[in-house]
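Novice: Coordinates in data22.cif, mmCIF, C-alpha atoms, are listed below.
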```cif
data_my_file
loop_
_atom_site.label_atom_id
_atom_site.label_comp_id
_atom_site.auth_asym_id
_atom_site.auth_seq_id
_atom_site.Cartn_x
_atom_site.Cartn_y
_atom_site.Cartn_z
CA MET E 1 3.75 30.56 25.79
CA THR E 2 3.75 26.77 25.42
CA VAL E 3 2.93 24.78 22.32
CA LYS E 4 0.80 21.69 22.82
CA LYS E 5 2.14 18.65 21.03
CA TYR E 6 -0.05 15.66 20.36
CA THR E 7 -0.33 12.74 18.01
CA TYR E 8 -3.15 13.13 15.51
CA SER E 9 -5.69 10.33 15.56
CA ALA E 10 -7.45 9.84 12.23
CA LYS E 11 -11.23 9.63 12.01
CA ALA E 12 -13.22 7.54 9.55
CA SER E 13 -14.19 10.71 7.67
CA ASP E 14 -10.49 11.50 7.03
CA ASN E 15 -10.09 8.51 4.70
CA LYS E 16 -10.44 9.33 1.01
CA GLY E 17 -10.08 5.65 0.01
CA LYS E 18 -8.51 5.35 -3.43
CA TRP E 19 -9.06 2.31 -5.67
CA TYR E 20 -6.16 0.20 -6.94
CA ILE E 21 -5.97 -2.79 -9.27
CA VAL E 22 -3.42 -5.56 -8.69
CA ASP E 23 -2.50 -8.22 -11.25
CA ALA E 24 -1.87 -11.51 -9.43
CA GLU E 25 -0.34 -13.27 -12.43
CA ASP E 26 2.87 -15.12 -11.42
CA GLN E 27 2.83 -13.55 -7.93
CA VAL E 28 3.57 -15.65 -4.82
CA LEU E 29 0.38 -15.96 -2.74
CA GLY E 30 1.68 -15.06 0.74
CA ARG E 31 3.87 -12.18 -0.36
CA LEU E 32 1.08 -10.64 -2.43
CA ALA E 33 -1.49 -11.16 0.36
CA SER E 34 0.69 -9.44 2.99
CA GLN E 35 1.19 -6.39 0.77
CA ILE E 36 -2.54 -6.22 -0.05
CA ALA E 37 -3.46 -6.55 3.64
CA ALA E 38 -1.10 -3.70 4.59
CA ARG E 39 -2.57 -1.51 1.84
CA ILE E 40 -6.18 -2.30 2.87
CA ARG E 41 -5.28 -1.57 6.49
CA GLY E 42 -3.74 1.77 5.51
CA LYS E 43 -0.23 1.20 6.86
CA HIS E 44 1.27 3.03 3.86
CA ASN E 45 -0.65 6.16 4.92
CA PRO E 46 1.04 8.75 7.20
CA MET E 47 -2.35 9.18 8.92
CA TYR E 48 -2.48 5.46 9.84
CA THR E 49 -4.43 4.85 13.03
CA PRO E 50 -4.77 1.26 14.31
CA HIS E 51 -8.44 1.55 15.32
CA THR E 52 -9.69 3.32 12.17
CA ASP E 53 -10.11 2.39 8.51
CA THR E 54 -7.49 4.49 6.69
CA GLY E 55 -6.84 2.09 3.79
CA ASP E 56 -7.70 1.77 0.13
CA CYS E 57 -9.93 -0.54 -1.92
CA ILE E 58 -8.08 -3.23 -3.85
CA VAL E 59 -9.26 -5.10 -6.96
CA VAL E 60 -7.25 -8.26 -7.69
CA VAL E 61 -7.43 -9.77 -11.19
CA ASN E 62 -6.00 -13.01 -12.62
CA ALA E 63 -6.34 -14.84 -9.30
CA ASP E 64 -6.31 -18.15 -11.20
CA LYS E 65 -2.66 -17.51 -12.18
CA ILE E 66 -1.33 -17.12 -8.61
CA ARG E 67 1.77 -19.10 -7.56
CA LEU E 68 2.44 -21.17 -4.45
CA THR E 69 6.00 -22.14 -3.54
CA GLY E 70 7.30 -25.54 -2.52
CA ARG E 71 4.79 -28.36 -2.15
CA LYS E 72 2.02 -26.12 -0.78
CA LEU E 73 -0.17 -26.72 -3.82
CA SER E 74 -0.64 -30.36 -2.81
CA GLN E 75 0.03 -30.21 0.95
CA LYS E 76 -1.73 -27.03 2.12
CA MET E 77 -5.27 -27.77 3.29
CA TYR E 78 -8.19 -25.44 3.93
CA TYR E 79 -10.74 -26.53 6.54
CA ARG E 80 -14.34 -25.60 7.28
CA HIS E 81 -16.93 -27.12 9.59
CA SER E 82 -20.66 -27.54 8.99
CA GLY E 83 -21.47 -27.35 12.68
CA TYR E 84 -22.65 -30.96 12.80
CA ILE E 85 -20.81 -33.88 14.40
CA GLY E 86 -18.16 -35.16 12.00
CA GLY E 87 -18.83 -32.21 9.69
CA LEU E 88 -15.20 -31.20 9.09
CA LYS E 89 -14.54 -30.59 5.39
CA GLU E 90 -11.10 -30.15 3.89
CA ILE E 91 -9.88 -29.10 0.46
CA SER E 92 -6.31 -28.87 -0.85
CA ALA E 93 -4.92 -25.67 -2.30
CA ALA E 94 -4.71 -27.30 -5.74
CA LYS E 95 -8.41 -28.20 -5.76
CA LEU E 96 -9.37 -24.78 -4.38
CA LEU E 97 -7.30 -23.09 -7.10
CA GLU E 98 -9.13 -25.18 -9.67
CA LYS E 99 -12.61 -24.70 -8.16
CA ARG E 100 -12.62 -21.17 -6.66
CA PRO E 101 -9.27 -19.41 -7.27
CA GLU E 102 -10.57 -16.14 -5.75
CA ASP E 103 -10.88 -17.80 -2.35
CA LEU E 104 -7.14 -18.52 -2.13
CA ILE E 105 -6.33 -14.81 -2.08
CA ARG E 106 -9.42 -13.93 -0.04
CA PHE E 107 -8.53 -16.43 2.74
CA ALA E 108 -4.85 -15.37 2.80
CA VAL E 109 -5.66 -11.65 3.12
CA LYS E 110 -8.44 -12.26 5.66
CA GLY E 111 -5.98 -14.11 7.91
CA MET E 112 -3.72 -11.05 7.93
CA LEU E 113 -6.43 -8.57 8.98
CA PRO E 114 -7.60 -7.90 12.56
CA LYS E 115 -10.07 -10.40 14.04
CA ASN E 116 -12.75 -7.88 15.08
CA ARG E 117 -15.35 -5.46 13.66
CA LEU E 118 -12.67 -3.42 11.96
CA GLY E 119 -11.25 -6.54 10.27
CA ARG E 120 -14.67 -7.51 8.93
CA GLN E 121 -15.14 -3.98 7.59
CA LEU E 122 -11.69 -3.96 5.98
CA ASN E 123 -12.30 -7.36 4.37
CA LYS E 124 -15.12 -5.80 2.32
CA LYS E 125 -12.58 -3.53 0.61
CA LEU E 126 -11.03 -6.49 -1.25
CA ARG E 127 -12.49 -7.57 -4.61
CA VAL E 128 -10.96 -10.66 -6.23
CA TYR E 129 -11.63 -11.97 -9.76
CA ALA E 130 -10.30 -15.12 -11.42
CA GLY E 131 -9.89 -13.60 -14.90
CA PRO E 132 -8.61 -10.27 -16.23
CA ASP E 133 -12.07 -8.63 -16.27
CA HIS E 134 -13.75 -6.77 -13.39
CA PRO E 135 -16.87 -4.58 -13.03
CA HIS E 136 -15.11 -1.67 -11.24
CA GLU E 137 -14.14 0.55 -14.19
CA ALA E 138 -16.38 3.34 -12.85
CA GLN E 139 -14.11 3.68 -9.77
CA GLN E 140 -11.10 4.26 -12.09
CA PRO E 141 -8.67 1.99 -10.21
CA GLU E 142 -5.00 2.83 -10.61
CA PRO E 143 -2.56 -0.03 -11.33
CA LEU E 144 -0.53 -0.99 -8.27
CA THR E 145 2.70 -2.96 -8.47
CA PHE E 146 4.70 -4.19 -5.50
CA ALA E 147 8.49 -4.11 -5.63
#
```
Show the structure stored in the file as structure tokens.

Specialist:
Amino acid sequence: MTVKKYTYSAKASDNKGKWYIVDAEDQVLGRLASQIAARIRGKHNPMYTPHTDTGDCIVVVNADKIRLTGRKLSQKMYYRHSGYIGGLKEISAAKLLEKRPEDLIRFAVKGMLPKNRLGRQLNKKLRVYAGPDHPHEAQQPEPLTFA
């Protein structure tokens, strides 16, 4: 009698998808974003499968109190293009933090997710809010702290 051994491959229906809340106050942007991206991707989960969504939903509050190290606040630039000739727009991290602080975290996490259909699906599991309030109390998010 032989026992078949195989690696289990998770399906989309296997994911329970818990909700967590993360306080971004006095957190370094890149370090926080990498931990959020890993959690959204599901890499903490023993059932992690690269081609399937096995992660959790993350709510980030106090995005306006995020920290950037060194001179990144003035030197880091974010670019977008309108599609027209000469339509390249740029904004510094300082101005983006002042104007739309949620986008700083959103752009950082998006850059750490896969660049395909799965990545676009996973990106929808991130909710970012500038202040301490959020409309996701019904999901009963658990506080999540990173060591």

Novice: When the PyMOL selection byres ((chain E and resi 45-52) around 9) is applied to the structure above, which residues does it catch, written out as an NGL selection string?

Specialist: :E and (8-12 or 14-15 or 39 or 41-44 or 53-55 or 118)

Novice: As a check of understanding, name the residues that the PyMOL selection byres ((chain E and resi 60-74) around 8) selects in the supplied structure, as an MDAnalysis selection string.

Specialist: chainID E and resid 21:29 58:59 75:76 92:94 97:98 101:102 105 126:134

Novice: Enter the distance from CA of Ala38 in chain E to CA of Ser13 in chain E, in Å, rounded to one decimal.

Specialist: 19.7 Å

Novice: Of the candidates E:Tyr20, E:Phe107, E:Tyr79, E:Tyr84, which one gets nearest to Phe146 in chain E if we count all atoms listed in the file?

Specialist: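 So, comparing all the options, the nearest one is E:Tyr20.
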
Novice: For the atom pair CA of Arg120 in chain E and CA of Ile36 in chain E, what is the interatomic distance in Å to one decimal place?

Specialist: 15.1 Å

Novice: For Pro114 in chain E, which residue out of E:Ile40, E:Leu144, E:Gly17, E:Arg80 is the nearest one, using only C-alpha atoms?

Specialist: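 Of E:Ile40, E:Leu144, E:Gly17, E:Arg80, the one nearest Pro114 in chain E, counting only C-alpha atoms, is E:Ile40.
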
Novice: Could you tell me how far CA of Pro141 in chain E lies from CA of Lys16 in chain E, in Å and to one decimal?

Specialist: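 So the answer is 13.5 Å.
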
Novice: Given all atoms listed in the file as the basis, pick out the residue of E:His81, E:Lys89, E:Lys18, E:Arg31 nearest to Lys125 in chain E.

Specialist: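 Ranking E:His81, E:Lys89, E:Lys18, E:Arg31 by distance to Lys125 in chain E, first place goes to E:Lys18.
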